[in-house]
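K.L.:
Let me begin by handing over the structure; questions about it come next.
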Amino acid sequence: MEITMKKIKYYIIILFTFYFSACSILDEQEALQELPFEEAYATSANIQSALVGAYARIQNGTSAAPMGADFTLYGDIIADNARFVGSFVTLQQINIHEMIPDNASIGGTWIESYRAINAVNIIIDRLDNFDPNDPNDDGSIADIVDEVKGQSLALRAILHFELVRLYGQRPINVDPNALGIPYIRRGALDLDQVENDTRNTVGEVYELIEEDLLEALDLIGGFSGPGRVDANVIRGYLMRHALMQNNYTQAEQYADAIINSGAYSLNDEVTDFFENELSGESIWEILHNPQDNPGVNDALTTFYNVNGRDDIRVTNSYIQSFEENILPAQRSSIEAVGDSIVILDDRRELLLLDLFNADGELTGTVTQKYNQPANNDDNAPIMRYADVLLVKAEMLVRNTQSVSQDAIDILNQLRSRALRVVEFNEIAEGEFSQTERTDLLDNLLYTTADFSSADDLLNAILLERRIELAFEGHRYHDLVRLGEDVLIASPSEDVFTPVGADGLAFPIPQREIDANPEMVQNLGY
């Protein structure tokens, strides 16, 4: 079903969405929104500029930063890895599963996502109607059609995918016939082209996402660019698309395609990805810099870093997962060597920070994955290689229903990077130094003998996934696809909401409901 935008001025997209902020690459752009459509899109440079504008919109729009922060933050605070302790009522509501339709954060994400969708739809419309004999064409457009249309289709699909996972009434694995979101495939240039929207079902949205992603993959070829969507980003989203539907064969195929591309490898240290932009483990990051970032109210660094707003606390549930990640037999084998031997996980030691009051009492724990509070310019980690490897390991077990050695080998890659065995040596006046015991590390690596069934190995993979990918927006969606109840991490850590329950899906923004008589609100609101 073809859907267009809302009948309310606040939602209407300014002609070509050239909201370019302070990004340095856009300093020379003309005010093309004042030109007639044919002239504004008459050259490849102008079309490329419009695409840059769409990327800018998802990175840091006027009212929200959908891919630049929001989707990552929401995937954490609605689940059981993170507690929101800040003053933003809108985020408190998400944290405790008590959202309202007037929630400004939820409304802003919806608005900016559909603004970006409209921007790429205008580009797609232009390229679909491209005529090499058009007098307005300077002859350059033909050279960029596949590259730009491929990216535009992919962005359209990705935004709808992220939206339907939050705003759809039920998850795809619970009820594909439940109301999803409007899937918009036509650009609106002015008020005359605006129509009332209806919501596609969740199943229809997923079908259209796959259609767009497959066409984008066919078009995009070998294109790549920092912060841009390329073929492996598309494969990664096809992998996630399949994963949410429990289509394990297809998810493994797309994970294999990324792995077999040879384009990525695990970084040497767990901190490398977060300290070095566009490292060898990076598949897609939303780029921020000191001049162009979501700022003090929207940036990931602002929310997560102790020197920012300091709004996020790590849950006891997550911290306990590190203890669970060492098997009793593994722990016993290490402790048997001596009392001074200790097992450390750098994801705990280096990527988390314990906070203490003046009396030395522990007051909480924060993540250190986002560590640039002075400028709020940490990139948003949309997709990295560790995620793909963990999906591959999980699919190996699910698709063979066996204790797969290949899956164990993948787990051990991550464990050997993160785990350390150290011996504390007294040196003087009660001070201690650490000596690494690499000879003991093998005691912490899995073998087939550690697992009595495929389910045991699967649980180990899912636990490793929780630890490795925490605070990157994955946890809620993993709980949903696994059909597990979603823990309310604040104010209590023992209250759960069943997957698919009324009031767990985000409400459709009230402005949307008021403006459009065809728009139906989610149940529970």
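In the structure tokens, chains take letters A, B, ... by order of appearance, with residues numbered from 1 within each chain and ligands from 1 in the order shown.
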Could you give me, as a VMD selection string, the residues within 10 Å of Phe274 of chain A, counting only C-alpha atoms and dropping anything in the same chain fewer than 2 positions from it?
P.N.:
chain A and resid 270 to 272 276 to 279 282 351 368 to 372 378 to 381
K.L.:
DSSP says alpha helix (DSSP H) for which residues of segment 48-190 of chain A? Put them as a PyMOL selection string?
P.N.:
chain A and resi 48-59+71-77+89-95+104-128+145-167
K.L.:
From the DSSP assignment of the backbone, select every residue of segment 232-446 of chain A that is strand (DSSP E), and format the answer as a PyMOL selection string.
P.N.:
chain A and resi 282-286+312-314+341-345+352-356+362-367+380-384+419-428+431-436
K.L.:
Residues as selected, N, CA and C atoms, written as a CSV table (one decimal), in the first residue's frame, can you do that?
P.N.:
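See part_37.csv below for the written result:
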```
chain,number,residue,atom,x,y,z
A,282,SER,N,34.4,-2.3,12.4
A,282,SER,CA,33.3,-1.4,12.1
A,282,SER,C,32.6,-1.8,10.8
A,283,ILE,N,31.3,-2.1,10.8
A,283,ILE,CA,30.6,-2.3,9.6
A,283,ILE,C,29.8,-1.0,9.3
A,284,TRP,N,29.1,-0.4,10.3
A,284,TRP,CA,28.5,0.9,10.0
A,284,TRP,C,28.4,1.6,11.3
A,285,GLU,N,28.9,2.8,11.3
A,285,GLU,CA,28.8,3.8,12.4
A,285,GLU,C,28.2,5.1,11.9
A,286,ILE,N,27.4,5.7,12.7
A,286,ILE,CA,26.9,7.0,12.3
A,286,ILE,C,27.9,8.0,12.8
A,312,ILE,N,22.6,7.0,32.9
A,312,ILE,CA,22.5,5.6,32.7
A,312,ILE,C,23.3,4.9,33.8
A,313,ARG,N,22.6,3.9,34.5
A,313,ARG,CA,23.3,3.0,35.4
A,313,ARG,C,23.2,1.6,34.9
A,314,VAL,N,24.3,0.9,35.0
A,314,VAL,CA,24.3,-0.5,34.7
A,314,VAL,C,23.5,-1.3,35.7
A,341,ILE,N,45.3,-16.0,42.2
A,341,ILE,CA,44.9,-16.0,40.8
A,341,ILE,C,43.5,-15.5,40.7
A,342,VAL,N,43.3,-14.5,39.7
A,342,VAL,CA,42.0,-13.9,39.5
A,342,VAL,C,41.7,-13.9,38.1
A,343,ILE,N,40.4,-14.2,37.7
A,343,ILE,CA,39.9,-14.1,36.4
A,343,ILE,C,39.3,-12.7,36.1
A,344,LEU,N,39.8,-12.0,35.1
A,344,LEU,CA,39.3,-10.7,34.7
A,344,LEU,C,38.7,-10.7,33.3
A,345,ASP,N,37.6,-9.9,33.1
A,345,ASP,CA,37.0,-9.8,31.8
A,345,ASP,C,37.2,-8.3,31.5
A,352,LEU,N,33.5,-0.9,31.9
A,352,LEU,CA,32.6,-0.4,33.0
A,352,LEU,C,33.4,0.3,34.0
A,353,LEU,N,32.7,1.2,34.7
A,353,LEU,CA,33.4,2.0,35.8
A,353,LEU,C,32.5,2.0,37.0
A,354,ASP,N,33.0,1.5,38.1
A,354,ASP,CA,32.3,1.6,39.4
A,354,ASP,C,32.4,3.0,40.0
A,355,LEU,N,31.3,3.4,40.6
A,355,LEU,CA,31.3,4.7,41.2
A,355,LEU,C,31.1,4.6,42.7
A,356,PHE,N,31.9,5.4,43.5
A,356,PHE,CA,31.9,5.3,45.0
A,356,PHE,C,31.6,6.6,45.6
A,362,LEU,N,30.0,1.6,47.2
A,362,LEU,CA,29.6,1.6,45.8
A,362,LEU,C,28.2,2.2,45.6
A,363,THR,N,28.2,3.2,44.6
A,363,THR,CA,26.9,3.8,44.4
A,363,THR,C,26.3,3.5,43.0
A,364,GLY,N,27.0,2.8,42.2
A,364,GLY,CA,26.5,2.5,40.9
A,364,GLY,C,27.7,2.2,39.9
A,365,THR,N,27.3,1.7,38.7
A,365,THR,CA,28.2,1.4,37.7
A,365,THR,C,27.8,2.0,36.4
A,366,VAL,N,28.7,2.5,35.6
A,366,VAL,CA,28.4,3.1,34.3
A,366,VAL,C,29.2,2.5,33.2
A,367,THR,N,28.8,2.6,32.0
A,367,THR,CA,29.6,2.1,30.8
A,367,THR,C,30.5,3.2,30.4
A,380,ALA,N,27.9,6.6,16.7
A,380,ALA,CA,26.9,5.7,17.1
A,380,ALA,C,27.2,4.3,16.5
A,381,PRO,N,27.3,3.3,17.3
A,381,PRO,CA,27.7,2.0,16.8
A,381,PRO,C,26.5,1.2,16.2
A,382,ILE,N,26.2,1.3,15.0
A,382,ILE,CA,25.1,0.6,14.4
A,382,ILE,C,25.3,-0.9,14.2
A,383,MET,N,26.5,-1.2,13.7
A,383,MET,CA,26.8,-2.6,13.3
A,383,MET,C,28.3,-2.9,13.4
A,384,ARG,N,28.7,-3.9,14.1
A,384,ARG,CA,30.1,-4.3,14.2
A,384,ARG,C,30.2,-5.8,14.0
A,419,LEU,N,39.0,-12.1,28.1
A,419,LEU,CA,39.3,-12.7,29.4
A,419,LEU,C,40.8,-12.7,29.6
A,420,ARG,N,41.2,-12.4,30.9
A,420,ARG,CA,42.6,-12.5,31.3
A,420,ARG,C,42.6,-13.2,32.6
A,421,VAL,N,43.7,-13.9,32.9
A,421,VAL,CA,44.0,-14.5,34.1
A,421,VAL,C,45.3,-13.8,34.7
A,422,VAL,N,45.1,-13.2,35.9
A,422,VAL,CA,46.3,-12.5,36.5
A,422,VAL,C,46.6,-13.0,37.8
A,423,GLU,N,47.8,-12.8,38.2
A,423,GLU,CA,48.3,-13.2,39.5
A,423,GLU,C,48.7,-11.9,40.2
A,424,PHE,N,48.2,-11.7,41.4
A,424,PHE,CA,48.6,-10.5,42.1
A,424,PHE,C,49.8,-10.7,43.0
A,425,ASN,N,50.8,-9.9,42.8
A,425,ASN,CA,52.1,-10.1,43.5
A,425,ASN,C,52.3,-8.9,44.4
A,426,GLU,N,52.6,-9.2,45.7
A,426,GLU,CA,52.9,-8.1,46.6
A,426,GLU,C,54.3,-7.6,46.3
A,427,ILE,N,54.4,-6.3,46.2
A,427,ILE,CA,55.7,-5.7,45.9
A,427,ILE,C,56.3,-4.9,47.0
A,428,ALA,N,55.5,-4.1,47.8
A,428,ALA,CA,56.0,-3.3,48.9
A,428,ALA,C,54.9,-2.6,49.6
A,431,GLU,N,51.3,-3.0,48.6
A,431,GLU,CA,50.9,-2.7,47.2
A,431,GLU,C,51.0,-4.0,46.4
A,432,PHE,N,50.2,-4.0,45.3
A,432,PHE,CA,50.2,-5.2,44.5
A,432,PHE,C,50.4,-4.8,43.0
A,433,SER,N,51.0,-5.7,42.3
A,433,SER,CA,51.0,-5.6,40.8
A,433,SER,C,50.4,-6.8,40.2
A,434,GLN,N,50.0,-6.7,39.0
A,434,GLN,CA,49.4,-7.8,38.3
A,434,GLN,C,50.4,-8.4,37.3
A,435,THR,N,50.4,-9.7,37.3
A,435,THR,CA,51.2,-10.5,36.3
A,435,THR,C,50.2,-11.4,35.6
A,436,GLU,N,50.2,-11.2,34.2
A,436,GLU,CA,49.3,-12.0,33.4
A,436,GLU,C,49.8,-13.4,33.4
```
K.L.:
Tell me, as an MDAnalysis selection string, which residues lie within 10 Å of Val403 of chain A, counting only C-alpha atoms; anything in the same chain fewer than 6 positions away does not count.
P.N.:
chainID A and resid 396:397 447:458
K.L.:
Please produce a file of those selected residues containing N, CA, C and O atoms, as a PDB file, in the first residue's frame.
P.N.:
```
ATOM      1  N   LEU A 396      24.664 -21.494  13.735  1.00  0.00           N
ATOM      2  CA  LEU A 396      25.291 -22.808  13.603  1.00  0.00           C
ATOM      3  C   LEU A 396      24.638 -23.818  14.542  1.00  0.00           C
ATOM      4  O   LEU A 396      24.380 -24.967  14.171  1.00  0.00           O
ATOM      5  N   VAL A 397      24.369 -23.389  15.750  1.00  0.00           N
ATOM      6  CA  VAL A 397      23.752 -24.290  16.726  1.00  0.00           C
ATOM      7  C   VAL A 397      22.288 -24.515  16.384  1.00  0.00           C
ATOM      8  O   VAL A 397      21.796 -25.653  16.395  1.00  0.00           O
ATOM      9  N   THR A 447      35.307 -26.039  25.307  1.00  0.00           N
ATOM     10  CA  THR A 447      35.463 -27.242  24.494  1.00  0.00           C
ATOM     11  C   THR A 447      34.092 -27.900  24.386  1.00  0.00           C
ATOM     12  O   THR A 447      33.149 -27.558  25.117  1.00  0.00           O
ATOM     13  N   THR A 448      33.962 -28.862  23.494  1.00  0.00           N
ATOM     14  CA  THR A 448      32.673 -29.543  23.344  1.00  0.00           C
ATOM     15  C   THR A 448      32.269 -30.248  24.628  1.00  0.00           C
ATOM     16  O   THR A 448      31.063 -30.413  24.898  1.00  0.00           O
ATOM     17  N   ALA A 449      33.242 -30.621  25.436  1.00  0.00           N
ATOM     18  CA  ALA A 449      32.934 -31.324  26.687  1.00  0.00           C
ATOM     19  C   ALA A 449      32.215 -30.432  27.697  1.00  0.00           C
ATOM     20  O   ALA A 449      31.615 -30.945  28.650  1.00  0.00           O
ATOM     21  N   ASP A 450      32.259 -29.123  27.487  1.00  0.00           N
ATOM     22  CA  ASP A 450      31.601 -28.201  28.424  1.00  0.00           C
ATOM     23  C   ASP A 450      30.086 -28.156  28.237  1.00  0.00           C
ATOM     24  O   ASP A 450      29.389 -27.557  29.063  1.00  0.00           O
ATOM     25  N   PHE A 451      29.575 -28.752  27.170  1.00  0.00           N
ATOM     26  CA  PHE A 451      28.153 -28.621  26.857  1.00  0.00           C
ATOM     27  C   PHE A 451      27.523 -29.994  26.656  1.00  0.00           C
ATOM     28  O   PHE A 451      27.949 -30.765  25.793  1.00  0.00           O
ATOM     29  N   SER A 452      26.506 -30.251  27.426  1.00  0.00           N
ATOM     30  CA  SER A 452      25.829 -31.543  27.328  1.00  0.00           C
ATOM     31  C   SER A 452      24.760 -31.558  26.252  1.00  0.00           C
ATOM     32  O   SER A 452      24.257 -32.624  25.898  1.00  0.00           O
ATOM     33  N   SER A 453      24.378 -30.386  25.741  1.00  0.00           N
ATOM     34  CA  SER A 453      23.346 -30.306  24.705  1.00  0.00           C
ATOM     35  C   SER A 453      23.527 -29.047  23.879  1.00  0.00           C
ATOM     36  O   SER A 453      24.257 -28.126  24.276  1.00  0.00           O
ATOM     37  N   ALA A 454      22.827 -29.017  22.744  1.00  0.00           N
ATOM     38  CA  ALA A 454      22.844 -27.815  21.910  1.00  0.00           C
ATOM     39  C   ALA A 454      22.263 -26.621  22.665  1.00  0.00           C
ATOM     40  O   ALA A 454      22.741 -25.487  22.519  1.00  0.00           O
ATOM     41  N   ASP A 455      21.250 -26.856  23.491  1.00  0.00           N
ATOM     42  CA  ASP A 455      20.653 -25.767  24.254  1.00  0.00           C
ATOM     43  C   ASP A 455      21.659 -25.148  25.226  1.00  0.00           C
ATOM     44  O   ASP A 455      21.659 -23.932  25.438  1.00  0.00           O
ATOM     45  N   ASP A 456      22.503 -25.963  25.829  1.00  0.00           N
ATOM     46  CA  ASP A 456      23.529 -25.436  26.730  1.00  0.00           C
ATOM     47  C   ASP A 456      24.469 -24.493  25.982  1.00  0.00           C
ATOM     48  O   ASP A 456      24.821 -23.422  26.480  1.00  0.00           O
ATOM     49  N   LEU A 457      24.891 -24.908  24.796  1.00  0.00           N
ATOM     50  CA  LEU A 457      25.785 -24.065  24.002  1.00  0.00           C
ATOM     51  C   LEU A 457      25.058 -22.802  23.542  1.00  0.00           C
ATOM     52  O   LEU A 457      25.626 -21.705  23.565  1.00  0.00           O
ATOM     53  N   LEU A 458      23.795 -22.941  23.164  1.00  0.00           N
ATOM     54  CA  LEU A 458      23.017 -21.781  22.742  1.00  0.00           C
ATOM     55  C   LEU A 458      22.918 -20.760  23.866  1.00  0.00           C
ATOM     56  O   LEU A 458      23.085 -19.549  23.643  1.00  0.00           O
TER      57      LEU A 458
END
```
K.L.:
What does the distance from atom CA of Ala50 of chain A to atom CA of Glu210 of chain A come to in Å, to one decimal?
P.N.:
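About the pair atom CA of Ala50 of chain A and atom CA of Glu210 of chain A: they are 24.0 Å apart.
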K.L.:
Can you tell me, as number ranges by chain, what residues are no more than 7 Å from Val164 of chain A when counting only C-alpha atoms, ignoring any on the same chain fewer than 2 positions away?
P.N.:
A: 160-162, 166-168, 180-181, 202
K.L.:
From the list A:Ala142, A:Leu217, A:Leu462, A:Ile258, which residue is nearest Ala45 of chain A when using only C-alpha atoms?
P.N.:
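Under the stated criterion, the closest residue is A:Ala142.
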K.L.:
One decimal, in Å: what's the spacing between atom CA of Leu179 of chain A and atom CA of Ala501 of chain A?
P.N.:
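Answer for the atom CA of Leu179 of chain A to atom CA of Ala501 of chain A separation: 13.6 Å.
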